[in-house]
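Here's data_9.tsv, which has TSV, C-alpha atoms and all ligand atoms:
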chain	number	residue	atom	x	y	z
A	242	MET	CA	152.29	119.61	107.30
A	243	SER	CA	149.80	116.78	107.37
A	244	LYS	CA	146.93	116.89	104.96
A	245	ARG	CA	144.90	114.55	107.14
A	246	THR	CA	141.91	116.17	108.68
A	247	LYS	CA	140.02	115.16	111.75
A	248	ALA	CA	137.01	112.91	111.41
A	249	VAL	CA	133.71	114.75	111.38
A	250	ALA	CA	131.45	114.51	114.43
A	251	VAL	CA	128.63	112.33	113.18
A	252	GLU	CA	126.04	113.97	115.42
A	253	GLU	CA	126.52	117.20	113.51
A	254	LEU	CA	125.54	115.55	110.23
A	255	PRO	CA	122.02	115.04	108.89
A	256	GLU	CA	120.49	111.57	109.15
A	257	ASP	CA	121.46	110.69	105.57
A	258	LEU	CA	124.91	112.24	106.14
A	259	GLY	CA	123.98	114.81	103.52
A	260	VAL	CA	124.52	112.17	100.83
A	261	ASP	CA	122.11	111.50	97.97
A	262	TRP	CA	122.26	107.69	98.13
A	263	SER	CA	119.79	107.30	95.27
A	264	LYS	CA	122.43	108.29	92.73
A	265	TRP	CA	124.11	104.93	93.32
A	266	SER	CA	120.90	102.90	93.28
A	267	ASP	CA	120.83	101.80	89.63
A	268	GLY	CA	122.05	98.29	90.44
A	269	ARG	CA	125.70	98.74	89.53
A	270	ALA	CA	128.43	98.29	92.12
A	271	PHE	CA	130.12	101.46	93.33
A	272	ARG	CA	133.25	102.02	95.35
A	273	LEU	CA	132.74	105.03	97.59
A	274	LYS	CA	135.59	106.98	99.00
A	275	ARG	CA	135.66	108.66	102.38
A	276	LYS	CA	135.63	112.48	102.09
A	277	ARG	CA	134.85	112.31	98.35
A	278	ASP	CA	131.55	110.41	98.39
A	279	PHE	CA	130.60	110.54	102.05
A	280	PRO	CA	131.80	112.67	104.97
A	281	ASN	CA	135.01	112.06	106.85
A	282	ILE	CA	133.61	109.32	109.07
A	283	ASP	CA	134.20	105.63	109.57
A	284	PRO	CA	132.88	103.72	106.54
A	285	GLY	CA	131.12	101.41	108.99
A	286	ILE	CA	128.76	104.25	109.85
A	287	ALA	CA	128.28	105.16	106.18
A	288	ARG	CA	127.35	101.53	105.62
A	289	GLU	CA	124.54	101.60	108.12
A	290	VAL	CA	123.25	104.91	106.80
A	291	CYS	CA	123.29	103.44	103.29
A	292	GLU	CA	121.27	100.44	104.48
A	293	LEU	CA	118.77	102.75	106.14
A	294	ALA	CA	118.54	104.79	102.94
A	295	ALA	CA	117.86	101.64	100.91
A	296	HIS	CA	115.20	100.60	103.40
A	297	LYS	CA	113.50	103.97	103.00
A	298	MET	CA	113.66	103.69	99.21
A	299	GLY	CA	112.04	100.25	99.38
A	300	LYS	CA	115.19	98.72	97.93
A	301	ALA	CA	117.81	96.24	98.97
A	302	VAL	CA	121.52	96.96	99.25
A	303	ARG	CA	124.68	95.03	99.87
A	304	THR	CA	127.53	96.92	101.48
A	305	ALA	CA	131.09	95.93	102.30
A	306	ARG	CA	134.19	97.66	103.47
A	307	ASP	CA	137.06	97.41	101.05
A	308	ARG	CA	139.33	94.55	102.16
A	309	ARG	CA	142.55	96.41	101.51
A	310	VAL	CA	141.56	99.93	102.59
A	311	PRO	CA	138.73	99.30	105.08
A	312	ASN	CA	139.06	102.69	106.73
A	313	LYS	CA	138.55	104.68	103.56
A	314	LEU	CA	136.62	102.70	100.99
A	315	LEU	CA	133.15	101.24	100.96
A	316	TRP	CA	131.53	99.10	98.28
A	317	ILE	CA	127.81	99.31	97.75
A	318	GLN	CA	125.38	97.71	95.34
A	319	PHE	CA	121.65	98.28	95.30
A	320	ALA	CA	119.03	95.83	94.09
A	321	ASP	CA	115.24	95.66	93.90
A	322	ALA	CA	114.73	93.26	96.78
A	323	TYR	CA	116.22	90.52	98.90
A	324	VAL	CA	115.56	86.89	98.10
A	325	ARG	CA	116.42	83.85	100.13
A	326	GLU	CA	118.36	81.05	98.54
A	327	GLY	CA	115.92	78.67	96.89
A	328	GLN	CA	112.97	81.06	97.15
A	329	PRO	CA	111.12	82.51	94.14
A	330	CYS	CA	111.36	86.13	92.99
A	331	PRO	CA	109.62	88.27	95.65
A	332	LYS	CA	108.42	90.68	92.96
A	333	CYS	CA	106.67	88.27	90.56
A	334	GLY	CA	106.92	84.78	92.05
A	335	SER	CA	108.98	83.35	89.20
A	336	ARG	CA	111.42	80.62	90.04
A	337	LYS	CA	113.58	81.35	87.03
A	338	LEU	CA	116.42	83.27	88.60
A	339	TYR	CA	119.67	83.81	86.79
A	340	ARG	CA	122.67	83.88	89.09
A	341	LEU	CA	124.84	86.92	88.33
A	342	HIS	CA	127.47	86.20	90.94
A	343	ALA	CA	127.72	84.83	94.46
A	344	ASN	CA	125.33	87.32	96.04
A	345	PHE	CA	123.19	88.61	93.20
A	346	THR	CA	120.59	87.09	90.98
A	347	ARG	CA	118.28	88.43	88.29
A	348	CYS	CA	114.70	87.36	87.72
A	349	VAL	CA	114.33	86.17	84.13
A	350	GLN	CA	110.62	87.01	84.12
A	351	CYS	CA	110.40	90.53	85.63
A	352	ASN	CA	114.08	91.50	85.38
A	353	ALA	CA	114.29	92.41	89.09
A	354	GLN	CA	117.81	92.40	90.46
A	355	LEU	CA	117.84	90.51	93.74
A	356	ILE	CA	120.30	90.15	96.58
A	357	ILE	CA	120.56	86.62	97.86
A	358	SER	CA	120.21	86.98	101.57
A	359	ALA	CA	121.70	84.82	104.26
A	360	ALA	CA	119.41	82.51	106.17
A	361	GLY	CA	119.20	85.02	109.00
A	362	LEU	CA	117.58	87.75	106.97
A	363	ASP	CA	114.04	88.36	107.90
A	364	SER	CA	112.51	89.60	104.71
A	365	TYR	CA	111.11	87.08	102.33
A	366	GLU	CA	107.81	86.33	100.75
A	367	ASP	CA	106.03	83.19	99.64
A	368	ASP	CA	105.00	82.22	96.11
A	369	THR	CA	101.95	84.44	96.12
A	370	GLY	CA	103.99	87.53	96.84
A	371	THR	CA	102.61	87.90	100.34
A	372	VAL	CA	104.52	87.41	103.54
A	373	GLY	CA	104.27	83.79	104.62
A	374	PRO	CA	103.06	82.84	108.08
A	375	ARG	CA	106.46	81.62	109.16
A	376	ALA	CA	108.17	84.81	108.06
A	377	ARG	CA	105.52	86.78	109.90
A	378	GLU	CA	105.93	84.69	113.01
A	379	ARG	CA	109.68	85.19	112.92
A	380	ALA	CA	109.39	88.96	112.42
A	381	GLY	CA	106.83	89.15	115.21
A	382	GLY	CA	109.04	86.99	117.41
A	383	LYS	CA	111.86	89.50	117.08
A	384	LEU	CA	109.61	92.25	118.40
A	385	LYS	CA	108.18	90.06	121.14
A	386	ALA	CA	111.70	89.25	122.33
A	387	LEU	CA	112.28	92.93	123.09
A	388	GLU	CA	111.11	94.93	126.05
A	389	ASN	CA	109.88	98.48	126.22
A	390	VAL	CA	109.17	98.66	122.49
A	391	ARG	CA	108.14	102.10	121.22
A	392	LEU	CA	107.33	102.61	117.54
A	393	GLU	CA	106.39	105.61	115.49
A	394	ARG	CA	104.87	105.63	112.02
A	395	ALA	CA	107.59	106.87	109.65
A	396	GLY	CA	106.14	106.35	106.20
A	397	GLU	CA	104.65	103.88	103.78
A	398	SER	CA	105.30	101.94	100.61
A	399	PRO	CA	102.56	100.77	98.23
A	400	SER	CA	101.98	97.64	100.30
A	401	SER	CA	103.26	98.42	103.76
A	402	GLU	CA	103.46	100.88	106.59
A	403	ILE	CA	106.92	101.64	107.93
A	404	PHE	CA	107.57	102.20	111.62
A	405	ASN	CA	110.77	103.17	113.42
A	406	GLY	CA	111.55	103.19	117.09
A	407	TYR	CA	113.52	101.58	119.84
A	408	GLY	CA	113.37	98.81	122.38
A	409	LEU	CA	115.52	96.95	124.86
A	410	ALA	CA	117.20	93.64	124.09
A	411	GLU	CA	118.19	92.15	127.43
A	412	GLY	CA	118.60	95.67	128.76
A	413	THR	CA	120.57	96.96	125.78
A	414	PRO	CA	118.93	99.70	123.70
A	415	VAL	CA	118.27	98.78	120.08
A	416	ILE	CA	116.89	100.71	117.12
A	417	ILE	CA	113.97	99.04	115.37
A	418	LEU	CA	112.82	99.32	111.76
A	419	ALA	CA	109.59	97.47	111.14
A	420	GLU	CA	107.18	97.02	108.26
A	421	PHE	CA	103.55	96.06	108.53
A	422	GLN	CA	101.21	95.08	105.73
A	423	LYS	CA	98.58	97.65	104.93
A	424	ASP	CA	95.06	96.64	105.78
A	425	GLU	CA	92.70	96.43	102.80
A	426	ASN	CA	89.93	98.02	104.82
A	427	GLY	CA	92.14	100.80	106.09
A	428	HIS	CA	92.12	99.64	109.70
A	429	GLU	CA	94.73	101.38	111.79
A	430	LEU	CA	97.66	99.39	113.09
A	431	THR	CA	97.30	98.65	116.80
A	432	VAL	CA	99.09	96.54	119.38
A	433	ARG	CA	96.28	94.02	118.95
A	434	ASN	CA	96.57	93.51	115.18
A	435	MET	CA	100.25	94.30	114.66
A	436	PHE	CA	101.41	90.69	114.90
A	437	GLU	CA	98.96	89.64	112.20
A	438	ARG	CA	100.38	92.30	109.92
A	439	VAL	CA	104.10	92.47	110.70
A	440	SER	CA	106.16	91.57	107.65
A	441	ARG	CA	109.68	92.63	108.37
A	442	VAL	CA	111.75	93.66	111.38
A	443	LYS	CA	115.31	94.89	111.49
A	444	ILE	CA	117.11	95.54	114.73
A	445	PHE	CA	120.34	97.48	115.16
A	446	PRO	CA	122.22	97.92	118.44
A	447	ALA	CA	121.84	101.58	119.39
A	448	ASP	CA	125.61	101.73	119.90
A	449	SER	CA	126.21	101.03	116.24
A	450	MET	CA	124.03	103.99	115.34
A	451	ALA	CA	125.66	106.37	117.81
A	452	GLY	CA	125.61	109.86	116.43
A	453	LEU	CA	122.91	109.06	113.89
A	454	VAL	CA	120.18	108.27	116.29
A	455	ASN	CA	120.18	109.85	119.69
A	456	ILE	CA	118.91	106.97	121.77
A	457	GLY	CA	118.77	109.14	124.89
A	458	THR	CA	116.40	111.57	123.20
A	459	LEU	CA	114.24	108.69	121.98
A	460	MET	CA	114.05	107.12	125.42
A	461	ASN	CA	113.14	110.42	127.01
A	462	ARG	CA	110.18	110.99	124.75
A	463	ALA	CA	106.77	110.89	126.35
A	464	ASP	CA	104.71	107.78	125.66
A	465	SER	CA	102.11	109.96	123.98
A	466	ALA	CA	104.66	110.76	121.24
A	467	TRP	CA	104.67	107.10	120.11
A	468	ASP	CA	102.12	105.35	117.92
A	469	LEU	CA	102.66	101.83	119.25
A	470	ILE	CA	103.80	100.79	122.71
A	471	LEU	CA	104.45	97.18	123.62
A	501	ZN	ZN	110.47	88.45	89.10
Turn this file's structure into structure tokens for me.
Ligand SMILES: [Zn+2]
Amino acid sequence: MSKRTKAVAVEELPEDLGVDWSKWSDGRAFRLKRKRDFPNIDPGIAREVCELAAHKMGKAVRTARDRRVPNKLLWIQFADAYVREGQPCPKCGSRKLYRLHANFTRCVQCNAQLIISAAGLDSYEDDTGTVGPRARERAGGKLKALENVRLERAGESPSSEIFNGYGLAEGTPVIILAEFQKDENGHELTVRNMFERVSRVKIFPADSMAGLVNIGTLMNRADSAWDLIL
């Protein structure tokens, strides 16, 4: 008799897959095993959930399927933040970064562990620790390129407000995670000031989140249920 069991239906699992991702967030690399460390689902889905979890924790994470057993094993490694090649530490502004290996570096000054992000990654800060105008323009540009954008306030970090929602990219539904800088005077985020405050935007095709996010339910929500509508 086969010991293999059928894959779990993702839509029956909680958003975090019922996994406490924080237990692997100390900066070491972990190899997670399907069924032992996360439910019996494709590691590709676990990967995206892990990235969402890191986003919610205000951390960075690098994930990769195992080359030899891609259907069962997933490698993950958390860090404090992302840094672009050649940029200073986003936590303290120091330029003294010690390369740990190809994708990781450590700040000599504040000891932050940083993931070196590819040029396409949209989160980086300038020397003063604030989001630079070009980064802001690029993050805003990603939102402006979408249609039918609907965002809902999902939480906050010490410096930013976090919004989630959806939009359409050339007719294809996408899930949006966006961060906006908090206003010193406590002004609410509106469609008029959001592009002055946007700091980070991540877009996932809704297909890739199937089962985790019910795009149909999101799209059927009344406009009054959303905080920002573009
Ligand atoms: Zn630092």
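Here CA of Arg288 (chain A) and CA of Lys313 (chain A) stand 11.8 Å from one another.
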TODO: Would you kindly return, as a list of chain:residue names, each protein, DNA or RNA residue with an atom no farther than 12 Å from any atom of Asp424 (chain A), considering all atoms listed in the file and excluding same-chain residues fewer than 2 positions away?
DONE: A:Pro399, A:Ser400, A:Ser401, A:Glu402, A:Phe421, A:Gln422, A:Asn426, A:Gly427, A:His428, A:Glu429, A:Leu430, A:Thr431, A:Asn434, A:Met435, A:Glu437, A:Arg438, A:Val439
Sorted by chain and rising residue number, list the residues of chain A at most 7 Å from ligand ZN 501 (chain A) (counting all atoms listed in the file), each with its closest atom pair and distance in Å to one decimal, as CSV.
residue,atom,partner,partner_atom,distance
A:Cys330,CA,A:ZN501,ZN,4.6
A:Pro331,CA,A:ZN501,ZN,6.6
A:Lys332,CA,A:ZN501,ZN,4.9
A:Cys333,CA,A:ZN501,ZN,4.1
A:Gly334,CA,A:ZN501,ZN,5.9
A:Ser335,CA,A:ZN501,ZN,5.3
A:Cys348,CA,A:ZN501,ZN,4.6
A:Val349,CA,A:ZN501,ZN,6.7
A:Gln350,CA,A:ZN501,ZN,5.2
A:Cys351,CA,A:ZN501,ZN,4.0
A:Asn352,CA,A:ZN501,ZN,6.0
A:Ala353,CA,A:ZN501,ZN,5.5
Task: Pairwise distance for CA of Gly299 (chain A) and CA of Asn461 (chain A), rounded to one decimal in Å - done: 29.5 Å
Open item on the list: Given the point (109.9, 101.4, 121.5) in the file's coordinates, find the residues that have an atom at most 6 Å from it, counting all atoms listed in the file, and give them as a PyMOL selection string.
Closed with: chain A and resi 389-392+406-408
TODO: Rank A:Ile356, A:Val454, A:Leu471, A:Val310 by their smallest atom-to-atom distance to Val251 (chain A), using all atoms listed in the file, and report the top residue only.
DONE: A:Val454
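With distances restricted to only C-alpha atoms, A:Phe404 is the closest residue to Trp467 (chain A) from A:Phe404, A:Trp316, A:Phe345, A:Tyr339.
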